[in-house]
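Structure file query-v6.txt (compact mmCIF, C-alpha atoms (C1' of nucleotides)) follows.
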```
# COMPACT_ATOMS: atom_id res chain seq x y z
CA MET K 1 53.76 -3.18 96.56
CA THR K 2 51.89 -0.79 98.77
CA THR K 3 48.15 -0.99 99.17
CA THR K 4 46.58 2.38 98.51
CA THR K 5 44.52 3.80 101.32
CA LEU K 6 42.27 6.80 101.40
CA THR K 7 42.00 9.52 103.99
CA PRO K 8 38.50 10.31 105.28
CA ALA K 9 38.30 13.34 103.00
CA GLU K 10 39.34 11.28 99.97
CA MET K 11 36.83 8.60 100.93
CA ALA K 12 34.03 11.13 101.17
CA ASP K 13 35.06 12.46 97.79
CA ARG K 14 35.20 9.05 96.17
CA THR K 15 31.94 7.72 97.50
CA GLY K 16 29.93 10.92 97.74
CA VAL K 17 29.16 10.02 101.33
CA SER K 18 29.89 12.71 103.92
CA LEU K 19 32.50 12.32 106.67
CA ASP K 20 29.78 12.37 109.28
CA THR K 21 27.80 9.71 107.50
CA LEU K 22 30.85 7.49 107.08
CA ARG K 23 31.49 7.71 110.82
CA TYR K 24 27.80 7.15 111.47
CA TYR K 25 27.79 3.99 109.35
CA GLU K 26 30.83 2.74 111.21
CA SER K 27 29.22 3.46 114.57
CA GLU K 28 26.12 1.59 113.43
CA GLY K 29 28.16 -1.47 112.48
CA LEU K 30 27.73 -1.07 108.73
CA LEU K 31 31.40 -0.53 108.05
CA ASN K 32 33.75 -2.60 110.14
CA ASP K 33 37.48 -2.93 110.69
CA VAL K 34 38.40 0.39 109.14
CA ALA K 35 42.19 0.73 109.35
CA ARG K 36 43.86 3.50 111.32
CA ALA K 37 47.04 5.47 110.76
CA ASP K 38 49.52 5.87 113.63
CA ASN K 39 47.85 9.10 114.65
CA GLY K 40 44.49 7.39 114.96
CA HIS K 41 43.07 8.76 111.73
CA ARG K 42 41.03 6.43 109.56
CA ARG K 43 42.46 4.92 106.41
CA TYR K 44 39.93 3.46 104.01
CA SER K 45 40.78 0.67 101.59
CA GLU K 46 39.48 0.13 98.05
CA ASP K 47 37.35 -2.64 99.49
CA ASP K 48 35.81 -0.11 101.84
CA VAL K 49 34.97 2.04 98.83
CA LEU K 50 33.24 -0.88 97.12
CA TRP K 51 31.39 -1.79 100.28
CA VAL K 52 30.15 1.75 100.87
CA GLU K 53 28.89 1.76 97.30
CA VAL K 54 26.93 -1.39 98.04
CA LEU K 55 25.58 0.19 101.23
CA ARG K 56 24.47 3.28 99.32
CA CYS K 57 22.86 1.19 96.63
CA LEU K 58 20.83 -0.71 99.20
CA ARG K 59 20.04 2.40 101.26
CA ASP K 60 18.97 4.37 98.20
CA THR K 61 16.53 1.64 97.32
CA GLY K 62 14.93 1.65 100.73
CA MET K 63 16.83 -0.79 102.90
CA THR K 64 16.90 0.64 106.42
CA ILE K 65 19.97 1.08 108.59
CA ASP K 66 18.57 -1.62 110.84
CA GLN K 67 18.28 -4.11 108.00
CA LEU K 68 21.73 -3.22 106.74
CA ARG K 69 23.13 -3.77 110.22
CA HIS K 70 21.55 -7.17 110.31
CA TYR K 71 22.95 -8.03 106.88
CA CYS K 72 26.41 -6.88 107.96
CA SER K 73 26.28 -8.83 111.17
CA LEU K 74 25.54 -11.97 109.16
CA GLY K 75 28.58 -11.27 107.03
CA ALA K 76 30.71 -10.93 110.14
CA VAL K 77 29.66 -14.37 111.37
CA GLY K 78 31.12 -16.16 108.38
CA PRO K 79 30.26 -18.28 105.35
CA SER K 80 27.65 -20.25 107.29
CA THR K 81 25.24 -17.33 106.95
CA LYS K 82 25.39 -17.31 103.17
CA PRO K 83 21.81 -18.62 102.77
CA GLN K 84 20.37 -15.90 105.00
CA ARG K 85 22.23 -13.19 103.15
CA LEU K 86 21.08 -14.58 99.83
CA GLU K 87 17.52 -14.55 101.14
CA ILE K 88 17.82 -10.91 102.20
CA LEU K 89 19.13 -9.91 98.79
CA GLN K 90 16.39 -11.81 97.00
CA GLN K 91 13.73 -10.16 99.11
CA HIS K 92 15.25 -6.77 98.54
CA ARG K 93 15.45 -7.46 94.84
CA ALA K 94 11.72 -8.10 94.80
CA LEU K 95 11.16 -4.83 96.66
CA VAL K 96 13.18 -2.90 94.10
CA GLU K 97 11.16 -4.45 91.30
CA GLN K 98 8.00 -3.34 93.08
CA GLN K 99 9.42 0.16 93.31
CA ILE K 100 10.07 0.17 89.57
CA ALA K 101 6.54 -1.04 88.85
CA GLU K 102 5.12 1.60 91.18
CA ARG K 103 7.12 4.29 89.41
CA ARG K 104 5.96 3.08 86.02
CA ARG K 105 2.38 3.51 87.18
CA ALA K 106 3.34 6.95 88.48
CA LEU K 107 4.70 7.86 85.05
CA ASP K 108 1.39 6.85 83.51
CA LEU K 109 -0.53 9.05 85.89
CA ILE K 110 1.87 11.96 85.45
CA ASP K 111 1.71 11.62 81.68
CA HIS K 112 -2.04 11.64 81.90
CA LYS K 113 -1.99 14.87 83.84
CA ILE K 114 0.66 16.36 81.56
CA SER K 115 -1.47 15.72 78.49
CA TYR K 116 -4.40 17.23 80.35
CA TYR K 117 -2.40 20.39 81.09
CA SER K 118 -1.06 20.45 77.56
CA GLY K 119 -4.55 20.15 76.12
CA GLU K 120 -6.82 22.91 74.92
CA ASP K 121 -9.24 23.61 77.73
CA GLN K 122 -8.93 23.65 81.55
CA MET C 1 -29.61 12.69 92.09
CA THR C 2 -27.48 12.79 95.20
CA THR C 3 -23.72 13.09 95.09
CA THR C 4 -22.12 10.38 97.15
CA THR C 5 -19.88 11.54 99.92
CA LEU C 6 -17.55 9.59 102.16
CA THR C 7 -17.08 9.83 105.89
CA PRO C 8 -13.48 10.20 107.12
CA ALA C 9 -13.35 6.50 107.96
CA GLU C 10 -14.60 5.54 104.51
CA MET C 11 -12.12 7.91 102.91
CA ALA C 12 -9.23 6.39 104.86
CA ASP C 13 -10.44 3.00 103.77
CA ARG C 14 -10.77 3.93 100.12
CA THR C 15 -7.44 5.72 99.80
CA GLY C 16 -5.35 3.78 102.27
CA VAL C 17 -4.39 7.09 103.86
CA SER C 18 -4.90 7.35 107.62
CA LEU C 19 -7.34 9.77 109.23
CA ASP C 20 -4.48 11.66 110.79
CA THR C 21 -2.68 11.96 107.50
CA LEU C 22 -5.80 13.16 105.71
CA ARG C 23 -6.21 15.88 108.32
CA TYR C 24 -2.52 16.64 108.09
CA TYR C 25 -2.71 17.06 104.31
CA GLU C 26 -5.65 19.37 104.73
CA SER C 27 -3.85 21.44 107.34
CA GLU C 28 -0.86 21.70 105.00
CA GLY C 29 -3.03 22.99 102.17
CA LEU C 30 -2.80 19.85 100.06
CA LEU C 31 -6.49 19.09 100.23
CA ASN C 32 -8.78 22.09 100.12
CA ASP C 33 -12.47 22.83 100.41
CA VAL C 34 -13.40 19.53 102.00
CA ALA C 35 -17.15 19.57 102.61
CA ARG C 36 -18.63 19.35 106.09
CA ALA C 37 -21.79 17.77 107.39
CA ASP C 38 -24.08 19.78 109.66
CA ASN C 39 -22.30 18.43 112.70
CA GLY C 40 -18.95 19.68 111.42
CA HIS C 41 -17.70 16.25 110.33
CA ARG C 42 -15.82 16.04 107.04
CA ARG C 43 -17.50 14.64 103.95
CA TYR C 44 -15.15 13.68 101.15
CA SER C 45 -16.20 13.65 97.51
CA GLU C 46 -15.15 11.26 94.76
CA ASP C 47 -12.99 14.10 93.43
CA ASP C 48 -11.25 14.21 96.80
CA VAL C 49 -10.54 10.50 96.45
CA LEU C 50 -8.98 11.02 93.03
CA TRP C 51 -6.96 13.97 94.25
CA VAL C 52 -5.61 12.10 97.27
CA GLU C 53 -4.57 9.33 94.93
CA VAL C 54 -2.64 11.87 92.89
CA LEU C 55 -1.07 13.25 96.07
CA ARG C 56 0.01 9.78 97.14
CA CYS C 57 1.41 9.02 93.71
CA LEU C 58 3.53 12.16 93.80
CA ARG C 59 4.52 11.70 97.45
CA ASP C 60 5.45 8.06 96.94
CA THR C 61 7.78 9.08 94.16
CA GLY C 62 9.57 11.63 96.26
CA MET C 63 7.74 14.92 95.91
CA THR C 64 7.90 16.69 99.27
CA ILE C 65 4.96 18.16 101.16
CA ASP C 66 6.44 21.56 100.48
CA GLN C 67 6.49 21.00 96.73
CA LEU C 68 3.00 19.56 96.79
CA ARG C 69 1.78 22.60 98.70
CA HIS C 70 3.28 24.83 96.05
CA TYR C 71 1.67 22.79 93.27
CA CYS C 72 -1.70 22.98 95.04
CA SER C 73 -1.44 26.69 95.61
CA LEU C 74 -0.89 27.17 91.87
CA GLY C 75 -4.01 25.15 91.21
CA ALA C 76 -5.95 27.38 93.59
CA VAL C 77 -4.91 30.50 91.70
CA GLY C 78 -6.60 29.41 88.48
CA PRO C 79 -5.96 28.45 84.88
CA SER C 80 -3.30 31.12 84.46
CA THR C 81 -0.84 28.91 86.35
CA LYS C 82 -1.19 26.02 83.93
CA PRO C 83 2.32 26.47 82.49
CA GLN C 84 3.95 26.40 85.93
CA ARG C 85 2.04 23.27 86.90
CA LEU C 86 2.97 21.62 83.63
CA GLU C 87 6.59 22.49 84.29
CA ILE C 88 6.45 20.97 87.78
CA LEU C 89 4.96 17.76 86.42
CA GLN C 90 7.55 17.54 83.67
CA GLN C 91 10.37 18.01 86.14
CA HIS C 92 8.90 15.42 88.45
CA ARG C 93 8.48 13.06 85.54
CA ALA C 94 12.19 13.34 84.82
CA LEU C 95 12.92 12.64 88.47
CA VAL C 96 10.81 9.49 88.43
CA GLU C 97 12.64 8.30 85.33
CA GLN C 98 15.91 8.86 87.15
CA GLN C 99 14.60 6.81 90.04
CA ILE C 100 13.75 3.98 87.68
CA ALA C 101 17.18 4.12 86.09
CA GLU C 102 18.82 4.15 89.52
CA ARG C 103 16.79 1.12 90.54
CA ARG C 104 17.72 -0.72 87.38
CA ARG C 105 21.36 -0.20 88.26
CA ALA C 106 20.58 -1.40 91.78
CA LEU C 107 19.05 -4.57 90.34
CA ASP C 108 22.24 -5.18 88.38
CA LEU C 109 24.36 -4.84 91.50
CA ILE C 110 22.01 -6.99 93.58
CA ASP C 111 21.95 -9.66 90.86
CA HIS C 112 25.70 -9.60 90.81
CA LYS C 113 25.85 -10.20 94.53
CA ILE C 114 23.12 -12.83 94.35
CA SER C 115 25.06 -14.80 91.75
CA TYR C 116 28.12 -14.45 93.97
CA TYR C 117 26.26 -15.88 96.95
CA SER C 118 24.70 -18.57 94.80
CA GLY C 119 28.12 -19.58 93.44
CA GLU C 120 30.37 -22.33 94.71
CA ASP C 121 32.93 -20.65 96.91
CA GLN C 122 32.55 -17.76 99.39
C1' DG W 1 56.28 28.51 118.25
C1' DA W 2 51.90 30.20 116.61
C1' DA W 3 48.55 29.15 113.44
C1' DC W 4 46.25 26.14 110.63
C1' DA W 5 44.25 21.94 108.62
C1' DA W 6 42.67 17.45 109.11
C1' DC W 7 41.17 14.48 111.96
C1' DC W 8 39.35 12.41 116.56
C1' DT W 9 35.24 11.47 120.17
C1' DG W 10 30.73 11.66 122.39
C1' DG W 11 26.69 13.69 122.32
C1' DA W 12 23.21 17.05 120.91
C1' DG W 13 20.39 18.92 117.20
C1' DT W 14 17.72 18.83 112.73
C1' DG W 15 14.13 18.04 109.19
C1' DC W 16 10.70 15.50 107.45
C1' DA W 17 6.36 13.26 107.44
C1' DC W 18 3.66 11.72 109.85
C1' DT W 19 1.30 9.86 114.36
C1' DC W 20 -0.55 10.23 118.80
C1' DC W 21 -3.01 12.41 122.47
C1' DA W 22 -6.18 15.17 125.52
C1' DG W 23 -10.24 17.17 126.00
C1' DG W 24 -14.54 18.14 123.79
C1' DT W 25 -19.03 17.74 120.66
C1' DC W 26 -22.78 15.27 118.85
C1' DA W 27 -26.07 11.58 117.55
C1' DA W 28 -27.69 7.10 118.29
C1' DC W 29 -28.55 3.12 121.04
C1' DC W 30 -29.89 0.53 125.43
C1' DG P 1 -30.07 9.56 130.65
C1' DG P 2 -25.74 7.20 130.51
C1' DT P 3 -22.70 5.08 127.42
C1' DT P 4 -20.69 4.34 123.05
C1' DG P 5 -18.60 5.56 118.71
C1' DA P 6 -17.23 8.63 115.21
C1' DC P 7 -15.60 12.72 114.74
C1' DC P 8 -13.61 17.49 116.03
C1' DT P 9 -9.30 20.74 117.38
C1' DG P 10 -4.68 22.18 118.67
C1' DG P 11 -0.60 20.70 119.97
C1' DA P 12 2.89 17.37 121.45
C1' DG P 13 5.54 13.25 120.34
C1' DT P 14 7.92 9.81 117.28
C1' DG P 15 11.28 7.50 114.20
C1' DC P 16 14.55 7.72 110.95
C1' DA P 17 18.82 9.04 108.99
C1' DC P 18 21.61 11.82 109.19
C1' DT P 19 24.16 16.41 110.52
C1' DC P 20 26.26 19.50 113.56
C1' DC P 21 28.99 20.87 117.44
C1' DA P 22 32.40 21.36 121.31
C1' DG P 23 36.55 20.29 122.90
C1' DG P 24 40.81 17.92 121.97
C1' DT P 25 45.08 15.84 119.38
C1' DT P 26 48.48 15.69 115.86
C1' DG P 27 51.38 17.16 112.13
C1' DT P 28 52.79 20.64 108.96
C1' DT P 29 53.60 25.42 107.43
C1' DC P 30 55.17 30.33 108.01
```
Here is a file; write its structure as C-alpha cells.
Amino acid sequence: MTTTTLTPAEMADRTGVSLDTLRYYESEGLLNDVARADNGHRRYSEDDVLWVEVLRCLRDTGMTIDQLRHYCSLGAVGPSTKPQRLEILQQHRALVEQQIAERRRALDLIDHKISYYSGEDQ
Amino acid sequence: MTTTTLTPAEMADRTGVSLDTLRYYESEGLLNDVARADNGHRRYSEDDVLWVEVLRCLRDTGMTIDQLRHYCSLGAVGPSTKPQRLEILQQHRALVEQQIAERRRALDLIDHKISYYSGEDQ
DNA sequence: GAACAACCTGGAGTGCACTCCAGGTCAACC
DNA sequence: GGTTGACCTGGAGTGCACTCCAGGTTGTTC
C-alpha cells in the first residue's frame, strides 16, 4: 500500500487555497510537518487536506490567524491541552451563532428595504 | 417644533460608529448632506442615524465601501434608479443567505470536532 | 543541451477599512 | 485672557491576510 500524496498544485486545487496561502499558513505555524519529496518539494497528505479544510472553515467564520496559531500550538503540545482546545471551539461556536443571528436581522432589514423599493411610491 | 439634531459625539454614541469612521463614510460619499452648525460643526439628524444603521448592516454582512458608494450614488440620482437599487439589495440578500448557509455548515464541523474533543480518547 | 514547468526561499508589496495625528478654529468657563 | 474641550481639515499610518516577486534548483521534454 502506498499513501497518496498531493503536489502543491494538486493541494491548491483540492482545497481551493492558493499555493502562496498554503505556504503562508505553514510559515505561520498553521500547517505543520508537511512532508517533502527528495527534491525538497512539498507533498501534502489527505490529513493535510482535511486540516486545511478545518482551517478555512474557522478562518471563513472569523477566527484570526493569531487565534488559529494558538489553537494549533495547543494541538502540537499533546492531549493534555484538550480542555483548552475544546474551550476555544465552544467560544468560536458561540461566535458563529452570533454571526447567524446578526445576518438574520440583516435579512429582515434588507427585506424591509426591498419591499419599500418594490412598493408603489418613492 | 424643533428637529432634534445630534453632535458628532452623540452620533458616535448612538450608532456605535467612531467619529473618524463617520467622517470617513462622509468623505467616501456614503453619508451625504450632513447639516452643519454655524461654527461648522456637524449636526446629524435622526434620518442620518437610521441611514448609518443601514450602512453598518450592509457593511457587517460584507458589502464593500465601493459597493455602498455605488448604491448611495444611485440614491442621489433619484427615483429613476429604483430598479438598480432593488437589484443590488436582492443580490446582497442572496449573499447573506449564503453566509448563513456557510455558517450552518461551519457549526456542523465545529460540533463534530467538539464531540471529538469531548469523547473518551484523543 | 536548451527550454520549460513546477517548485523552492526570503522578502517586498497590496488592498481594504479604518484609525491616528498635527495644526487650527471656536465657544465657554475660571 | 488663558485654558479647556469639542470639533474642524488633510494627510499619514496601521493591521490584517494574503499576494507577488526575484533569483535559484531540479527534472523532464524536444
Quick one: axis-aligned box around all listed atoms of region 82-88 of chain K, 4 Å on every side, centre and edge lengths in Å to one decimal, written as JSON.
```
{"center_x": 21.5, "center_y": -14.8, "center_z": 102.4, "size_x": 15.9, "size_y": 15.7, "size_z": 13.2}
```
Item to complete: Tell me, as a PyMOL selection string, which residues lie within 12 Å of Ala35 (chain C), counting all atoms listed in the file; anything in the same chain fewer than 2 positions away does not count.
Response: chain C and resi 3-8+26+31-33+37-48
Considering only C-alpha atoms (C1' of nucleotides), tabulate each residue of chain W that lies at most 9 Å from chain K along with its nearest interatomic pair and the corresponding distance in Å to one decimal; arrange the rows by chain and ascending residue number and present them as JSON lines.
```
{"residue": "W:DA6", "atom": "C1'", "partner": "K:Ala9", "partner_atom": "CA", "distance": 8.6}
{"residue": "W:DC7", "atom": "C1'", "partner": "K:His41", "partner_atom": "CA", "distance": 6.0}
{"residue": "W:DC8", "atom": "C1'", "partner": "K:His41", "partner_atom": "CA", "distance": 7.1}
```
Discussion item. Please list, as number ranges by chain, the residues that have an atom at most 12 Å away from (52.3, 27.5, 105.4) in the coordinates of this file, counting all atoms listed in the file.
Written reply: W: 2-5; P: 28-30
Worksheet item: Which residues of chain C are close to chain K, meaning at most 12 Å apart when you count only C-alpha atoms, and how do they look as a PyMOL selection string?
Response: chain C and resi 50-51+53-63+75+78-122
Closest-contact table, chain K side, partner chain P, 10 Å, counting only C-alpha atoms (C1' of nucleotides), as JSON lines:
```
{"residue": "K:Ser18", "atom": "CA", "partner": "P:DT19", "partner_atom": "C1'", "distance": 9.5}
{"residue": "K:Asp20", "atom": "CA", "partner": "P:DT19", "partner_atom": "C1'", "distance": 7.0}
{"residue": "K:Thr21", "atom": "CA", "partner": "P:DC18", "partner_atom": "C1'", "distance": 6.8}
{"residue": "K:Tyr24", "atom": "CA", "partner": "P:DC18", "partner_atom": "C1'", "distance": 8.1}
{"residue": "K:Tyr25", "atom": "CA", "partner": "P:DC18", "partner_atom": "C1'", "distance": 10.0}
{"residue": "K:Asn39", "atom": "CA", "partner": "P:DT26", "partner_atom": "C1'", "distance": 6.7}
{"residue": "K:Gly40", "atom": "CA", "partner": "P:DT26", "partner_atom": "C1'", "distance": 9.3}
{"residue": "K:His41", "atom": "CA", "partner": "P:DT26", "partner_atom": "C1'", "distance": 9.7}
{"residue": "K:Thr64", "atom": "CA", "partner": "P:DC16", "partner_atom": "C1'", "distance": 8.7}
{"residue": "K:Ile65", "atom": "CA", "partner": "P:DA17", "partner_atom": "C1'", "distance": 8.1}
```
Item to complete: Could you tell me how far C1' of DG10 (chain W) lies from CA of Glu10 (chain K), in Å and to one decimal?
Response: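 Value for the C1' of DG10 (chain W)-CA of Glu10 (chain K) distance: 24.0 Å.
The coordinates place C1' of DG15 (chain W) at 19.3 Å from CA of Leu30 (chain C).
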Practice prompt. Record the distance separating C1' of DC20 (chain W) and CA of Arg69 (chain C), expressed in Å with one decimal.
Written response: 23.7 Å
